[in-house]
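K.L.:
Before anything else, here's the structure in question.
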Amino acid sequence: MDFIKVNPQYEKHIALIELNRPKELNALNRQLMLEIRDALRELDEDDNVRVIILTGGQKVFAAGADIKQMADATAIDMLNIDQFSTWDQIKKTRKPIIAAVSGFALGGGCELAMTCDMIMASETARFGQPEIKIGTMPGAGGTQRLTRAVGKAMAMELVLTGKFISAQEALAAGLINRIVPVELLLDETLKLAREIAKQSPIAIKLAKEAVNNAFNSTLDEGLVFERKNFYLTFASQDQKEGMAAFVEKRNPDFKGK
Ligand code: DAK
């Protein structure tokens, strides 16, 4: 791995992926994206991992796709490069992924954060879809996920002007989960990850799937989907353990079975 650092057991059940191309503000070149894809695939299959944190470190999350690498591409080059395998892998990762964003999350960087399940931000975080300023437009979900997260008015403004918003504005718009001081970003993200990692991994997986399904279905379809996943949790030992622990007034010990 040249452009990311991966620690599958940063803490018990919590994996950390760190983008590591600091001089280029973690610009997402093709190799970096493939490295994320491969790391996520492995972590999703690793039974010891329950939650994945994706961060760019304290200075910058990612300033977008690598403009220098894309500048001379033709439409057919863009079509032929299998760019979506990474984005598809993020989307189909069944374990929760938390983005920890400090500094710029722009273009593909903002899209990367939005493809994760939750976003923790430091007070220096800046979000934007500035592709319009370089003669193009978002291509990895920016017009779709941003609009669903913040609504049409703000999404339209960000996509059509390329302006950035602060962490405070992103919080008010519902794009992120919370804002923490820069030096506490990883600690606070770990606290959230621990809260999730101690739950039943089976229930977490099924619940994540059901929430995501809300974006792709009518209310009635979504409710049916939710109900089936709810029933399925009752096939797990974890559900028996969780409810027995409640009755016995003790903490549950979930095994993911
Ligand atoms: N690509 C390549 N290099 C970048 C870069 C980028 N996106 N962003 C920054 N860098 C490089 C700079 O060129 C500079 O390199 P040197 O000149 O030192 O060699 C170094 O990082 C430091 O940047 P600056 O000197 O510019 O630093 P500043 O603090 O002055 O400015 C900035 C920071 C973030 C405001 C500025 O660097 C900037 O505006 N960067 C570009 C932001 C941007 O336009 N991002 C959107 C790119 S387009 C798709 C998937 C994804 C995408 C599309 C399709 N498919 C799957 C189909 C995504 C597209 C995009 O993200």
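Ordering of the structure tokens sets the chain letters (A, B, ...); residue numbers start at 1 within each chain; ligands are numbered from 1 in the order shown.
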So that I can see what lies close to Pro130 in chain A, please list as a ChimeraX atom specification the residues with an atom at most 12 Å from it, counting only C-alpha atoms and leaving out residues fewer than 3 positions away in the same chain.
P.N.:
/A:63-65,67,104-111,126-127,133-139,142-143,155-165
K.L.:
Would you return as an NGL selection string the members of range 54-226 of chain A that DSSP assigns to alpha helix (DSSP H) on this structure's backbone?
P.N.:
:A and (67-70 or 75-80 or 84-92 or 108-115 or 142-150 or 152-161 or 167-173 or 185-197 or 201-213 or 219-226)
K.L.:
From the list A:Ile179, A:Leu32, A:Met154, A:Leu190, which residue is nearest Glu123 in chain A when using only C-alpha atoms?
P.N.:
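Closest candidate: A:Ile179.
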K.L.:
Which residue out of A:Asp2, A:Asp38, A:Asp44, A:Asp66 has the minimum interatomic distance to ligand 1 when only C-alpha atoms and all ligand atoms are used?
P.N.:
A:Asp66
K.L.:
With a distance cut-off of 12 Å and only C-alpha atoms, select the neighbouring residues of Ala100 in chain A, excluding the residue or stretch itself and same-chain residues fewer than 2 positions from it, and output the selection as a JSON list (two decimals) with C-alpha atoms, in the first residue's frame.
P.N.:
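Listing of around_17.json after writing:
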```json
[["chain", "number", "residue", "atom", "x", "y", "z"],
["A", 16, "LEU", "CA", -8.38, 2.32, 10.76],
["A", 17, "ILE", "CA", -7.68, 3.36, 7.17],
["A", 18, "GLU", "CA", -5.61, 6.51, 6.82],
["A", 19, "LEU", "CA", -5.14, 8.30, 3.50],
["A", 52, "ILE", "CA", -14.03, 0.82, 10.06],
["A", 53, "ILE", "CA", -12.76, 4.39, 10.45],
["A", 54, "LEU", "CA", -11.57, 6.23, 7.33],
["A", 55, "THR", "CA", -9.54, 9.37, 7.88],
["A", 56, "GLY", "CA", -7.09, 11.67, 6.15],
["A", 57, "GLY", "CA", -5.43, 12.72, 9.39],
["A", 58, "GLN", "CA", -5.62, 16.10, 11.14],
["A", 59, "LYS", "CA", -4.65, 18.41, 8.23],
["A", 60, "VAL", "CA", -6.75, 17.36, 5.26],
["A", 61, "PHE", "CA", -9.27, 14.66, 4.43],
["A", 62, "ALA", "CA", -8.96, 14.73, 0.63],
["A", 97, "ILE", "CA", -17.64, 2.98, 8.00],
["A", 98, "ILE", "CA", -17.13, 6.27, 9.83],
["A", 102, "SER", "CA", -10.42, 17.39, 9.22],
["A", 103, "GLY", "CA", -9.56, 20.13, 6.73],
["A", 104, "PHE", "CA", -10.68, 19.93, 3.11],
["A", 105, "ALA", "CA", -13.15, 17.29, 1.93],
["A", 109, "GLY", "CA", -13.12, 13.80, -1.08],
["A", 110, "CYS", "CA", -16.56, 15.04, -0.09],
["A", 112, "LEU", "CA", -15.86, 9.71, -0.30],
["A", 113, "ALA", "CA", -16.94, 11.02, 3.11],
["A", 114, "MET", "CA", -20.60, 10.97, 2.06],
["A", 116, "CYS", "CA", -19.35, 6.40, 4.39],
["A", 117, "ASP", "CA", -22.13, 5.82, 6.92],
["A", 118, "MET", "CA", -21.37, 8.67, 9.30],
["A", 119, "ILE", "CA", -19.13, 11.71, 9.26],
["A", 120, "MET", "CA", -17.27, 13.03, 12.28],
["A", 121, "ALA", "CA", -15.69, 16.41, 11.57],
["A", 122, "SER", "CA", -13.13, 18.62, 13.22],
["A", 123, "GLU", "CA", -13.77, 22.34, 13.49],
["A", 124, "THR", "CA", -11.39, 22.89, 10.53],
["A", 125, "ALA", "CA", -13.40, 20.68, 8.16],
["A", 176, "ILE", "CA", -22.24, 15.40, 9.41],
["A", 177, "ASN", "CA", -22.77, 13.84, 12.81],
["A", 178, "ARG", "CA", -20.79, 16.24, 14.99],
["A", 179, "ILE", "CA", -17.90, 18.65, 15.29],
["A", 180, "VAL", "CA", -15.00, 18.12, 17.66],
["A", 181, "PRO", "CA", -11.66, 19.86, 18.25],
["A", 182, "VAL", "CA", -8.99, 18.80, 15.71],
["A", 183, "GLU", "CA", -6.77, 17.11, 18.26],
["A", 184, "LEU", "CA", -9.71, 15.04, 19.53],
["A", 185, "LEU", "CA", -11.03, 13.96, 16.13],
["A", 186, "LEU", "CA", -9.68, 10.42, 16.25],
["A", 187, "ASP", "CA", -10.49, 9.95, 19.95],
["A", 188, "GLU", "CA", -14.08, 11.11, 19.51],
["A", 189, "THR", "CA", -14.47, 8.99, 16.37],
["A", 190, "LEU", "CA", -13.16, 6.01, 18.31],
["A", 191, "LYS", "CA", -15.76, 6.65, 21.03],
["A", 192, "LEU", "CA", -18.51, 6.46, 18.42],
["A", 193, "ALA", "CA", -16.90, 3.38, 16.85]]
```
K.L.:
Residues within 9 Å of Lys198 in chain A, please, as a compact mmCIF listing (two decimals) with C-alpha atoms, in the first residue's frame. Count only C-alpha atoms; anything in the same chain fewer than 4 positions from it doesn't count.
P.N.:
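Result written to out_30.txt:
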```txt
# COMPACT_ATOMS: atom_id res chain seq x y z
CA HIS A 13 -12.88 -4.73 16.62
CA ARG A 50 -16.73 -4.66 13.42
CA ALA A 193 -16.90 3.38 16.85
CA ARG A 194 -16.71 1.66 20.26
CA PRO A 252 -24.54 -8.41 26.85
CA ASP A 253 -21.60 -10.24 25.31
CA PHE A 254 -22.30 -10.31 21.59
```
K.L.:
One decimal, Å: what's the distance from atom 33 (C, counted along the ligand's line) of ligand 1 over to CA of Ile132 in chain A, could you say?
P.N.:
15.8 Å
